[in-house]
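Okay, my_file21.cif is below, mmCIF, C-alpha atoms:
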```
data_query
#
loop_
_atom_site.label_atom_id
_atom_site.label_comp_id
_atom_site.auth_asym_id
_atom_site.auth_seq_id
_atom_site.Cartn_x
_atom_site.Cartn_y
_atom_site.Cartn_z
CA MET A 1 111.46 116.83 72.77
CA PRO A 2 109.54 114.37 70.57
CA PRO A 3 107.44 111.81 72.51
CA GLY A 4 109.60 108.90 71.34
CA ASP A 5 112.64 110.22 73.19
CA VAL A 6 111.20 109.96 76.69
CA PRO A 7 111.19 106.45 78.19
CA ASP A 8 107.66 105.10 78.62
CA ILE A 9 108.35 104.38 82.28
CA VAL A 10 108.99 108.10 82.82
CA VAL A 11 105.75 108.98 81.05
CA GLY A 12 104.00 106.46 83.31
CA ARG A 13 105.13 108.33 86.42
CA LEU A 14 103.80 111.74 85.31
CA PRO A 15 100.15 110.85 86.10
CA ILE A 16 101.29 109.73 89.56
CA TYR A 17 102.99 113.07 90.13
CA LEU A 18 99.92 114.89 88.85
CA ARG A 19 97.64 112.92 91.18
CA ALA A 20 99.79 113.73 94.21
CA LEU A 21 100.06 117.41 93.26
CA THR A 22 96.29 117.59 92.82
CA HIS A 23 95.78 116.27 96.34
CA MET A 24 98.27 118.80 97.72
CA ALA A 25 96.54 121.64 95.86
CA ALA A 26 93.13 120.50 97.12
CA ALA A 27 94.53 120.68 100.65
CA GLY A 28 95.53 124.30 100.05
CA GLN A 29 99.25 123.71 99.63
CA GLU A 30 101.04 126.02 97.13
CA ILE A 31 104.67 124.89 97.06
CA THR A 32 106.29 121.46 97.17
CA SER A 33 109.71 119.94 96.63
CA SER A 34 110.99 116.84 94.88
CA HIS A 35 111.91 115.63 98.36
CA GLU A 36 108.36 115.94 99.72
CA LEU A 37 106.81 114.51 96.58
CA GLY A 38 109.27 111.63 96.67
CA GLN A 39 108.46 110.81 100.28
CA LYS A 40 104.73 110.72 99.54
CA LEU A 41 105.23 108.45 96.55
CA GLY A 42 108.10 106.23 97.60
CA ILE A 43 110.23 107.52 94.72
CA SER A 44 113.64 109.16 95.20
CA SER A 45 113.77 112.94 94.84
CA ALA A 46 116.61 112.53 92.31
CA GLN A 47 114.38 110.32 90.16
CA ILE A 48 111.59 112.91 90.24
CA ARG A 49 113.95 115.73 89.25
CA LYS A 50 115.39 113.60 86.45
CA ASP A 51 111.94 112.62 85.19
CA LEU A 52 110.77 116.24 85.06
CA SER A 53 114.00 117.43 83.45
CA HIS A 54 113.01 115.54 80.28
CA PHE A 55 110.34 118.18 79.76
CA GLY A 56 111.95 121.43 80.89
CA GLU A 57 112.74 123.42 84.01
CA PHE A 58 109.85 123.54 86.47
CA GLY A 59 111.39 124.63 89.77
CA LYS A 60 114.38 126.39 91.19
CA GLN A 61 117.02 124.78 93.37
CA GLY A 62 116.12 125.64 96.94
CA THR A 63 112.69 127.15 96.27
CA GLY A 64 110.85 124.03 95.14
CA TYR A 65 107.94 123.77 92.73
CA ARG A 66 104.92 126.02 92.53
CA ILE A 67 102.22 123.34 92.58
CA SER A 68 99.66 125.01 90.30
CA HIS A 69 102.33 125.74 87.69
CA LEU A 70 103.74 122.21 87.77
CA MET A 71 100.22 120.76 87.52
CA ASP A 72 99.47 122.92 84.47
CA GLN A 73 102.69 121.82 82.81
CA ILE A 74 102.15 118.12 83.46
CA LYS A 75 98.55 118.38 82.23
CA ARG A 76 99.83 120.00 79.05
CA ILE A 77 102.50 117.31 78.57
CA LEU A 78 99.94 114.53 79.10
CA LYS A 79 97.41 116.37 76.89
CA VAL A 80 94.79 116.40 79.61
CA GLU A 81 94.41 120.17 79.85
CA ARG A 82 91.51 119.38 77.52
CA GLU A 83 88.79 116.78 78.07
CA TRP A 84 88.73 113.58 76.01
CA GLU A 85 85.43 111.94 75.10
CA VAL A 86 85.59 108.28 76.08
CA ALA A 87 83.48 105.34 74.95
CA LEU A 88 82.90 102.54 77.46
CA ILE A 89 82.03 99.18 75.96
CA GLY A 90 80.50 96.56 78.23
CA VAL A 91 78.15 97.56 81.03
CA GLY A 92 78.17 94.47 83.26
CA ASP A 93 78.97 94.75 86.97
CA LEU A 94 82.42 96.21 86.40
CA GLY A 95 81.45 98.47 83.47
CA HIS A 96 78.52 99.76 85.49
CA ALA A 97 80.84 100.69 88.36
CA VAL A 98 83.27 102.31 85.91
CA ALA A 99 80.42 104.31 84.34
CA ARG A 100 79.42 105.62 87.76
CA TYR A 101 83.01 106.16 88.98
CA GLY A 102 83.51 109.75 90.03
CA GLY A 103 87.28 109.75 89.58
CA PHE A 104 87.38 110.75 85.90
CA LYS A 105 86.01 114.24 86.48
CA ASN A 106 88.45 117.12 86.10
CA ARG A 107 91.23 114.71 85.16
CA GLY A 108 90.90 114.95 81.39
CA PHE A 109 88.26 112.37 80.60
CA HIS A 110 84.53 112.23 80.19
CA ILE A 111 82.60 109.07 79.47
CA SER A 112 80.36 110.13 76.59
CA PHE A 113 79.04 106.81 75.30
CA LEU A 114 78.08 103.48 76.84
CA PHE A 115 77.66 100.35 74.73
CA ASP A 116 76.40 96.86 75.44
CA ASN A 117 75.05 94.04 73.30
CA ASP A 118 72.48 92.83 75.84
CA PRO A 119 68.98 93.76 74.55
CA ALA A 120 67.80 93.99 78.17
CA LYS A 121 70.31 96.77 78.84
CA ILE A 122 70.18 98.74 75.59
CA GLY A 123 68.28 101.99 76.10
CA SER A 124 68.41 101.96 79.89
CA PRO A 125 70.08 104.91 81.59
CA ILE A 126 73.16 105.16 83.78
CA GLY A 127 73.37 108.68 85.14
CA GLU A 128 72.75 110.95 82.16
CA LEU A 129 73.68 108.42 79.49
CA ALA A 130 71.55 105.76 77.80
CA ILE A 131 73.24 102.47 76.95
CA LEU A 132 73.64 102.15 73.19
CA ASP A 133 73.57 98.99 71.09
CA SER A 134 77.09 97.67 70.41
CA ALA A 135 76.00 97.23 66.80
CA GLN A 136 76.30 101.04 66.51
CA LEU A 137 79.78 101.10 68.04
CA GLN A 138 81.83 101.61 64.89
CA ASP A 139 79.50 104.26 63.44
CA VAL A 140 79.40 106.33 66.64
CA LEU A 141 83.16 106.16 67.17
CA VAL A 142 83.83 107.32 63.62
CA GLU A 143 81.17 110.03 63.62
CA ARG A 144 82.33 111.52 66.95
CA ALA A 145 86.03 110.93 66.20
CA ILE A 146 86.49 109.12 69.53
CA LYS A 147 90.15 108.35 70.26
CA VAL A 148 89.86 106.78 73.73
CA ALA A 149 87.91 103.65 74.66
CA MET A 150 87.51 101.55 77.79
CA ILE A 151 86.68 97.89 77.34
CA ALA A 152 84.86 96.03 80.11
CA VAL A 153 83.39 93.10 78.17
CA PRO A 154 84.13 89.43 78.96
CA ALA A 155 87.64 88.21 78.05
CA SER A 156 86.26 86.15 75.16
CA GLU A 157 84.84 89.27 73.49
CA ALA A 158 87.56 91.80 74.27
CA GLN A 159 89.84 91.36 71.23
CA LYS A 160 86.87 91.55 68.85
CA VAL A 161 85.64 94.76 70.46
CA ALA A 162 89.17 96.21 70.43
CA ASP A 163 89.47 95.44 66.71
CA VAL A 164 86.23 97.34 65.99
CA CYS A 165 87.46 100.31 68.05
CA ILE A 166 90.82 100.39 66.28
CA GLU A 167 89.19 100.08 62.86
CA ALA A 168 87.07 103.11 63.83
CA GLY A 169 90.11 105.22 64.73
CA VAL A 170 90.54 104.66 68.48
CA LYS A 171 94.17 105.18 69.53
CA ALA A 172 94.09 104.48 73.28
CA ILE A 173 92.39 101.52 74.94
CA LEU A 174 92.04 100.89 78.64
CA ASN A 175 91.25 97.21 78.96
CA TYR A 176 89.47 95.82 82.02
CA ALA A 177 89.07 92.32 80.54
CA PRO A 178 91.57 89.78 81.92
CA ILE A 179 93.25 89.12 78.58
CA SER A 180 96.19 90.75 76.78
CA LEU A 181 94.98 92.58 73.68
CA THR A 182 96.98 92.64 70.47
CA VAL A 183 97.04 96.08 68.86
CA PRO A 184 98.90 97.51 65.86
CA ASP A 185 101.71 100.09 66.08
CA GLY A 186 100.36 103.55 66.86
CA VAL A 187 97.59 102.20 69.11
CA HIS A 188 98.18 102.22 72.86
CA VAL A 189 96.73 99.77 75.31
CA GLN A 190 96.87 99.53 79.09
CA HIS A 191 95.54 96.54 81.02
CA LEU A 192 93.76 96.97 84.34
CA ASP A 193 93.99 93.37 85.48
CA PRO A 194 93.83 93.37 89.29
CA VAL A 195 95.29 89.87 89.52
CA ALA A 196 98.43 90.87 87.64
CA TYR A 197 98.98 93.62 90.23
CA LEU A 198 98.34 91.25 93.13
CA GLN A 199 100.75 88.68 91.68
CA ARG A 200 103.58 91.13 91.30
CA MET A 201 103.25 91.85 95.03
CA THR A 202 102.99 88.25 96.28
CA TYR A 203 106.36 87.65 94.64
CA TYR A 204 107.88 89.62 97.51
CA LEU A 205 105.92 87.96 100.35
CA MET X 1 118.32 84.29 93.57
CA PRO X 2 116.99 86.53 96.35
CA PRO X 3 113.95 88.66 95.39
CA GLY X 4 115.88 91.91 95.75
CA ASP X 5 118.18 91.05 92.88
CA VAL X 6 115.50 90.98 90.17
CA PRO X 7 114.35 94.39 88.90
CA ASP X 8 110.75 95.14 89.86
CA ILE X 9 109.88 95.83 86.24
CA VAL X 10 110.86 92.24 85.40
CA VAL X 11 108.72 90.92 88.25
CA GLY X 12 105.87 93.03 86.89
CA ARG X 13 106.02 91.27 83.53
CA LEU X 14 105.78 87.75 84.95
CA PRO X 15 102.00 88.01 85.63
CA ILE X 16 101.56 89.17 82.02
CA TYR X 17 103.43 86.12 80.76
CA LEU X 18 101.41 83.89 83.06
CA ARG X 19 98.14 85.38 81.82
CA ALA X 20 99.08 84.83 78.19
CA LEU X 21 100.28 81.27 78.85
CA THR X 22 97.04 80.50 80.69
CA HIS X 23 95.03 81.60 77.66
CA MET X 24 97.20 79.45 75.36
CA ALA X 25 96.77 76.44 77.66
CA ALA X 26 93.01 76.98 77.83
CA ALA X 27 92.97 76.90 74.03
CA GLY X 28 94.69 73.50 74.10
CA GLN X 29 98.14 74.69 73.09
CA GLU X 30 101.09 72.78 74.66
CA ILE X 31 104.24 74.49 73.38
CA THR X 32 105.12 78.13 72.77
CA SER X 33 108.21 80.20 72.02
CA SER X 34 109.54 83.52 73.25
CA HIS X 35 108.85 84.73 69.70
CA GLU X 36 105.16 83.79 69.78
CA LEU X 37 104.71 85.09 73.32
CA GLY X 38 106.44 88.33 72.38
CA GLN X 39 104.20 88.86 69.37
CA LYS X 40 101.07 88.38 71.46
CA LEU X 41 102.29 90.82 74.11
CA GLY X 42 104.16 93.44 72.11
CA ILE X 43 107.40 92.60 73.92
CA SER X 44 110.59 91.51 72.14
CA SER X 45 111.46 87.82 72.34
CA ALA X 46 114.94 88.76 73.59
CA GLN X 47 113.35 90.65 76.49
CA ILE X 48 111.21 87.66 77.42
CA ARG X 49 114.19 85.28 77.36
CA LYS X 50 116.21 87.72 79.43
CA ASP X 51 113.39 88.19 81.95
CA LEU X 52 112.95 84.44 82.41
CA SER X 53 116.70 83.83 82.63
CA HIS X 54 116.67 85.65 85.99
CA PHE X 55 114.88 82.64 87.42
CA GLY X 56 116.44 79.65 85.68
CA GLU X 57 116.32 77.71 82.43
CA PHE X 58 112.77 77.04 81.25
CA GLY X 59 113.09 76.10 77.59
CA LYS X 60 115.56 74.79 75.07
CA GLN X 61 116.88 76.72 72.09
CA GLY X 62 114.82 75.61 69.11
CA THR X 63 112.21 73.61 70.99
CA GLY X 64 110.47 76.42 72.85
CA TYR X 65 108.69 76.27 76.20
CA ARG X 66 106.37 73.57 77.47
CA ILE X 67 103.45 75.78 78.51
CA SER X 68 102.27 73.80 81.53
CA HIS X 69 105.81 73.61 82.91
CA LEU X 70 106.49 77.31 82.40
CA MET X 71 103.13 78.18 84.01
CA ASP X 72 103.97 76.05 87.05
CA GLN X 73 107.35 77.70 87.40
CA ILE X 74 106.01 81.25 87.10
CA LYS X 75 103.24 80.45 89.60
CA ARG X 76 105.87 79.16 92.01
CA ILE X 77 108.05 82.27 91.52
CA LEU X 78 105.06 84.58 92.07
CA LYS X 79 103.91 82.42 95.02
CA VAL X 80 100.47 81.88 93.50
CA GLU X 81 100.68 78.09 93.29
CA ARG X 82 98.78 78.48 96.58
CA GLU X 83 95.66 80.58 97.19
CA TRP X 84 95.87 83.80 99.22
CA GLU X 85 92.94 84.90 101.36
CA VAL X 86 92.12 88.51 100.49
CA ALA X 87 90.14 91.09 102.43
CA LEU X 88 88.21 93.68 100.41
CA ILE X 89 87.45 96.89 102.23
CA GLY X 90 84.76 99.15 100.78
CA VAL X 91 81.73 97.70 99.06
CA GLY X 92 80.40 100.66 97.11
CA ASP X 93 79.77 100.41 93.35
CA LEU X 94 83.36 99.54 92.54
CA GLY X 95 83.95 97.27 95.53
CA HIS X 96 80.73 95.45 94.73
CA ALA X 97 81.91 94.82 91.19
CA VAL X 98 85.31 93.68 92.46
CA ALA X 99 83.64 91.31 94.93
CA ARG X 100 81.65 89.75 92.09
CA TYR X 101 84.54 89.76 89.60
CA GLY X 102 85.19 86.24 88.34
CA GLY X 103 88.79 86.88 87.32
CA PHE X 104 90.45 86.05 90.65
CA LYS X 105 89.55 82.36 90.52
CA ASN X 106 92.39 79.94 89.88
CA ARG X 107 94.87 82.78 89.76
CA GLY X 108 96.04 82.61 93.34
CA PHE X 109 93.52 84.77 95.19
CA HIS X 110 90.24 84.30 96.96
CA ILE X 111 88.24 87.13 98.48
CA SER X 112 87.45 85.81 101.95
CA PHE X 113 86.22 88.91 103.74
CA LEU X 114 84.21 91.98 102.78
CA PHE X 115 84.12 95.06 104.98
CA ASP X 116 82.12 98.28 104.90
CA ASN X 117 81.26 100.93 107.48
CA ASP X 118 77.76 101.62 106.15
CA PRO X 119 75.20 100.17 108.63
CA ALA X 120 72.80 99.64 105.73
CA LYS X 121 75.29 97.28 104.09
CA ILE X 122 76.73 95.42 107.07
CA GLY X 123 75.34 91.89 107.20
CA SER X 124 74.00 91.82 103.67
CA PRO X 125 75.38 89.12 101.39
CA ILE X 126 77.39 89.30 98.17
CA GLY X 127 77.65 85.83 96.73
CA GLU X 128 78.56 83.56 99.65
CA LEU X 129 80.00 86.32 101.84
CA ALA X 130 78.27 88.64 104.28
CA ILE X 131 79.58 92.19 104.54
CA LEU X 132 81.34 92.70 107.88
CA ASP X 133 81.55 95.87 109.95
CA SER X 134 84.79 97.78 109.29
CA ALA X 135 85.10 98.14 113.06
CA GLN X 136 86.10 94.44 113.07
CA LEU X 137 88.71 94.90 110.35
CA GLN X 138 91.83 94.83 112.46
CA ASP X 139 90.70 91.88 114.61
CA VAL X 140 89.73 89.73 111.63
CA LEU X 141 92.93 90.50 109.72
CA VAL X 142 95.08 89.57 112.71
CA GLU X 143 93.09 86.47 113.63
CA ARG X 144 93.14 85.09 110.09
CA ALA X 145 96.67 86.30 109.39
CA ILE X 146 95.55 88.03 106.20
CA LYS X 147 98.49 89.35 104.16
CA VAL X 148 96.65 90.75 101.10
CA ALA X 149 94.01 93.48 101.06
CA MET X 150 92.12 95.39 98.39
CA ILE X 151 90.94 98.87 99.24
CA ALA X 152 87.92 100.32 97.44
CA VAL X 153 86.85 103.03 99.85
CA PRO X 154 86.63 106.77 98.96
CA ALA X 155 89.97 108.56 98.51
CA SER X 156 89.48 110.46 101.77
CA GLU X 157 89.32 107.19 103.76
CA ALA X 158 91.93 105.13 101.93
CA GLN X 159 95.08 106.03 103.90
CA LYS X 160 93.31 105.44 107.22
CA VAL X 161 92.09 102.02 106.09
CA ALA X 162 95.56 101.17 104.74
CA ASP X 163 97.11 102.10 108.09
CA VAL X 164 94.75 99.73 109.91
CA CYS X 165 95.56 96.93 107.45
CA ILE X 166 99.30 97.45 107.82
CA GLU X 167 99.06 97.60 111.61
CA ALA X 168 97.27 94.25 111.43
CA GLY X 169 100.04 92.63 109.38
CA VAL X 170 98.91 93.12 105.76
CA LYS X 171 101.91 93.16 103.39
CA ALA X 172 100.30 93.72 99.99
CA ILE X 173 97.63 96.31 99.18
CA LEU X 174 95.82 96.75 95.91
CA ASN X 175 94.38 100.23 96.04
CA TYR X 176 91.36 101.21 93.91
CA ALA X 177 91.00 104.64 95.54
CA PRO X 178 92.34 107.51 93.40
CA ILE X 179 95.04 108.53 95.88
CA SER X 180 98.66 107.47 96.37
CA LEU X 181 99.02 105.58 99.64
CA THR X 182 102.08 105.95 101.84
CA VAL X 183 103.30 102.62 103.21
CA PRO X 184 106.37 101.61 105.24
CA ASP X 185 109.24 99.51 103.89
CA GLY X 186 108.29 95.89 103.56
CA VAL X 187 104.70 96.67 102.58
CA HIS X 188 103.82 96.63 98.90
CA VAL X 189 101.16 98.72 97.26
CA GLN X 190 99.82 98.86 93.73
CA HIS X 191 97.39 101.50 92.52
CA LEU X 192 94.58 100.70 90.12
CA ASP X 193 93.76 104.25 89.10
CA PRO X 194 92.18 104.11 85.63
CA VAL X 195 92.84 107.79 84.98
CA ALA X 196 96.58 107.37 85.50
CA TYR X 197 96.55 104.68 82.80
CA LEU X 198 94.49 106.82 80.44
CA GLN X 199 96.81 109.79 80.96
CA ARG X 200 99.94 107.84 80.14
CA MET X 201 98.34 106.98 76.80
CA THR X 202 97.04 110.42 75.86
CA TYR X 203 100.64 111.63 76.13
CA TYR X 204 101.24 109.85 72.83
CA LEU X 205 98.14 111.07 71.00
#
```

Structure rendered as structure tokens:
Amino acid sequence: MPPGDVPDIVVGRLPIYLRALTHMAAAGQEITSSHELGQKLGISSAQIRKDLSHFGEFGKQGTGYRISHLMDQIKRILKVEREWEVALIGVGDLGHAVARYGGFKNRGFHISFLFDNDPAKIGSPIGELAILDSAQLQDVLVERAIKVAMIAVPASEAQKVADVCIEAGVKAILNYAPISLTVPDGVHVQHLDPVAYLQRMTYYL
Amino acid sequence: MPPGDVPDIVVGRLPIYLRALTHMAAAGQEITSSHELGQKLGISSAQIRKDLSHFGEFGKQGTGYRISHLMDQIKRILKVEREWEVALIGVGDLGHAVARYGGFKNRGFHISFLFDNDPAKIGSPIGELAILDSAQLQDVLVERAIKVAMIAVPASEAQKVADVCIEAGVKAILNYAPISLTVPDGVHVQHLDPVAYLQRMTYYL
């Protein structure tokens, strides 16, 4: 089935399923059911079965899902059975924490390049990476054919940085800056704005 | 209209509209249209009008929206015309960055309490706050009637911390730990897992 035929909201739930399955597998569990998965995630088992049915047949009625098989299939669907090189632009407080965040490992992503425009930071190391000058951003992205970028610069700089990334061929941007980025068709952007997530909860309080 | 009658996905777009309107207002703009807002956000103008129509009548055909009025109304709907006291639990790299993040200001939230269980951190200051001992978490949450918490502890600790928060009356949890939390009905949780957002984009690459 071509990507365009699956609703984006369904695609958005696959990483959640994968995360839960990974935790089950790490705990030694081998089999699960849409019922168990649904209870863990607060999603109905019917919804989970319907979501997965967009992509094929992954379990048998009554026997449940083999976790390792379902994980492999979801990784393949999400194209994270490989590892994507990621550029992180902006190494302030938040970017620094993102650069040191252990949660990317074994989940399809590897931060390969750090950029900042602060002369005091350029050249200094975080883990095994040295911070590069943002002036080199476009050249490095093109040369290494980087498709995924994370932006953690101030809001006032974020659109400019995104434009450079897109010009250099980046197709997926995870934006930590509290501003909505404008991107052309064919480029994907997700916003990690904690306040937006808090606000959608206070609505219900 | 009671909260239950508006689809959650519509509620989830209101903070995005509010963020965009805030940027327009900060730039001195007074009037906008569903068309302009839609172009900035990559959402159709019809969708925006339909979303807002769940809550009332905010603009006139042909004259657009008065930005300050629409902002006030969305803030009221999202209950962020007031400021919520927030407890942040876990002051590692990421929690530290969250504690120092400037983006909460004037958007309805104020981090009032920091907690960690590391004796080396307890008592030390971040900005104007001293880090409190996690052993006090439940007492402080109850005493101050805190309804909103952010969890930035390791994945292995996150459910336990969430359970304490919920027991103490917290109703909204923003979870930075890369694990899906299980919460009872009436408690809301949002997960800020950067990898999940990256994975839903690589699907399309």

> Expanded to explicit residues, what is the PyMOL selection byres ((chain A) within 7 of (chain X)) for this file, as a ChimeraX atom specification?
Replying inline: /A:3,11-12,15-16,19-20,40-41,77-79,93-94,97,103-104,172,174,178-180,182,188,190,192,195-204

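The spacing separating CA of Glu128 in chain X from CA of Asn106 in chain X amounts to 17.3 Å.
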
>> Using only C-alpha atoms, which protein or nucleic acid residues come within 12 Å of range 60-62 of chain X? Drop anything in the same chain fewer than 4 positions from it, and give the result as a PyMOL selection string.
In response: chain X and resi 31-35+49+53+56+66+70

> At what distance in Å, to one decimal, does CA of Gly127 in chain X lie from CA of His110 in chain X?
Replying inline: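 CA of Gly127 in chain X lies at a distance of 12.7 Å from CA of His110 in chain X.
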
> Just how far from CA of Ile67 in chain A is CA of Ala25 in chain A, in Å to one decimal?
Replying inline: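 About the pair CA of Ala25 in chain A and CA of Ile67 in chain A: they are 6.8 Å apart.
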
Residues in the PyMOL selection byres ((chain X and resi 114-117) around 12), expressed as an mmCIF file with C-alpha atoms, in the frame of the given file:
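Produced file result08.cif, reproduced below:
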```
data_model
loop_
_atom_site.group_PDB
_atom_site.id
_atom_site.type_symbol
_atom_site.label_atom_id
_atom_site.label_comp_id
_atom_site.auth_asym_id
_atom_site.auth_seq_id
_atom_site.Cartn_x
_atom_site.Cartn_y
_atom_site.Cartn_z
ATOM 1 C CA GLU X 85 92.940 84.900 101.360
ATOM 2 C CA VAL X 86 92.120 88.510 100.490
ATOM 3 C CA ALA X 87 90.140 91.090 102.430
ATOM 4 C CA LEU X 88 88.210 93.680 100.410
ATOM 5 C CA ILE X 89 87.450 96.890 102.230
ATOM 6 C CA GLY X 90 84.760 99.150 100.780
ATOM 7 C CA VAL X 91 81.730 97.700 99.060
ATOM 8 C CA GLY X 92 80.400 100.660 97.110
ATOM 9 C CA ASP X 93 79.770 100.410 93.350
ATOM 10 C CA GLY X 95 83.950 97.270 95.530
ATOM 11 C CA HIS X 96 80.730 95.450 94.730
ATOM 12 C CA VAL X 98 85.310 93.680 92.460
ATOM 13 C CA ALA X 99 83.640 91.310 94.930
ATOM 14 C CA ARG X 100 81.650 89.750 92.090
ATOM 15 C CA HIS X 110 90.240 84.300 96.960
ATOM 16 C CA ILE X 111 88.240 87.130 98.480
ATOM 17 C CA SER X 112 87.450 85.810 101.950
ATOM 18 C CA PHE X 113 86.220 88.910 103.740
ATOM 19 C CA ASP X 118 77.760 101.620 106.150
ATOM 20 C CA PRO X 119 75.200 100.170 108.630
ATOM 21 C CA ALA X 120 72.800 99.640 105.730
ATOM 22 C CA LYS X 121 75.290 97.280 104.090
ATOM 23 C CA ILE X 122 76.730 95.420 107.070
ATOM 24 C CA GLY X 123 75.340 91.890 107.200
ATOM 25 C CA SER X 124 74.000 91.820 103.670
ATOM 26 C CA PRO X 125 75.380 89.120 101.390
ATOM 27 C CA ILE X 126 77.390 89.300 98.170
ATOM 28 C CA GLY X 127 77.650 85.830 96.730
ATOM 29 C CA GLU X 128 78.560 83.560 99.650
ATOM 30 C CA LEU X 129 80.000 86.320 101.840
ATOM 31 C CA ALA X 130 78.270 88.640 104.280
ATOM 32 C CA ILE X 131 79.580 92.190 104.540
ATOM 33 C CA LEU X 132 81.340 92.700 107.880
ATOM 34 C CA ASP X 133 81.550 95.870 109.950
ATOM 35 C CA SER X 134 84.790 97.780 109.290
ATOM 36 C CA ALA X 135 85.100 98.140 113.060
ATOM 37 C CA GLN X 136 86.100 94.440 113.070
ATOM 38 C CA LEU X 137 88.710 94.900 110.350
ATOM 39 C CA GLN X 138 91.830 94.830 112.460
ATOM 40 C CA VAL X 140 89.730 89.730 111.630
ATOM 41 C CA LEU X 141 92.930 90.500 109.720
ATOM 42 C CA ALA X 149 94.010 93.480 101.060
ATOM 43 C CA MET X 150 92.120 95.390 98.390
ATOM 44 C CA ILE X 151 90.940 98.870 99.240
ATOM 45 C CA ALA X 152 87.920 100.320 97.440
ATOM 46 C CA VAL X 153 86.850 103.030 99.850
ATOM 47 C CA PRO X 154 86.630 106.770 98.960
ATOM 48 C CA GLU X 157 89.320 107.190 103.760
ATOM 49 C CA VAL X 161 92.090 102.020 106.090
ATOM 50 C CA CYS X 165 95.560 96.930 107.450
#
```

> Where does the PyMOL selection byres ((chain X and resi 168) around 8) land in this file, that is, which residues does it pick, as a VMD selection string?
Replying inline: chain X and resid 138 to 139 141 to 142 164 to 167 169 to 170
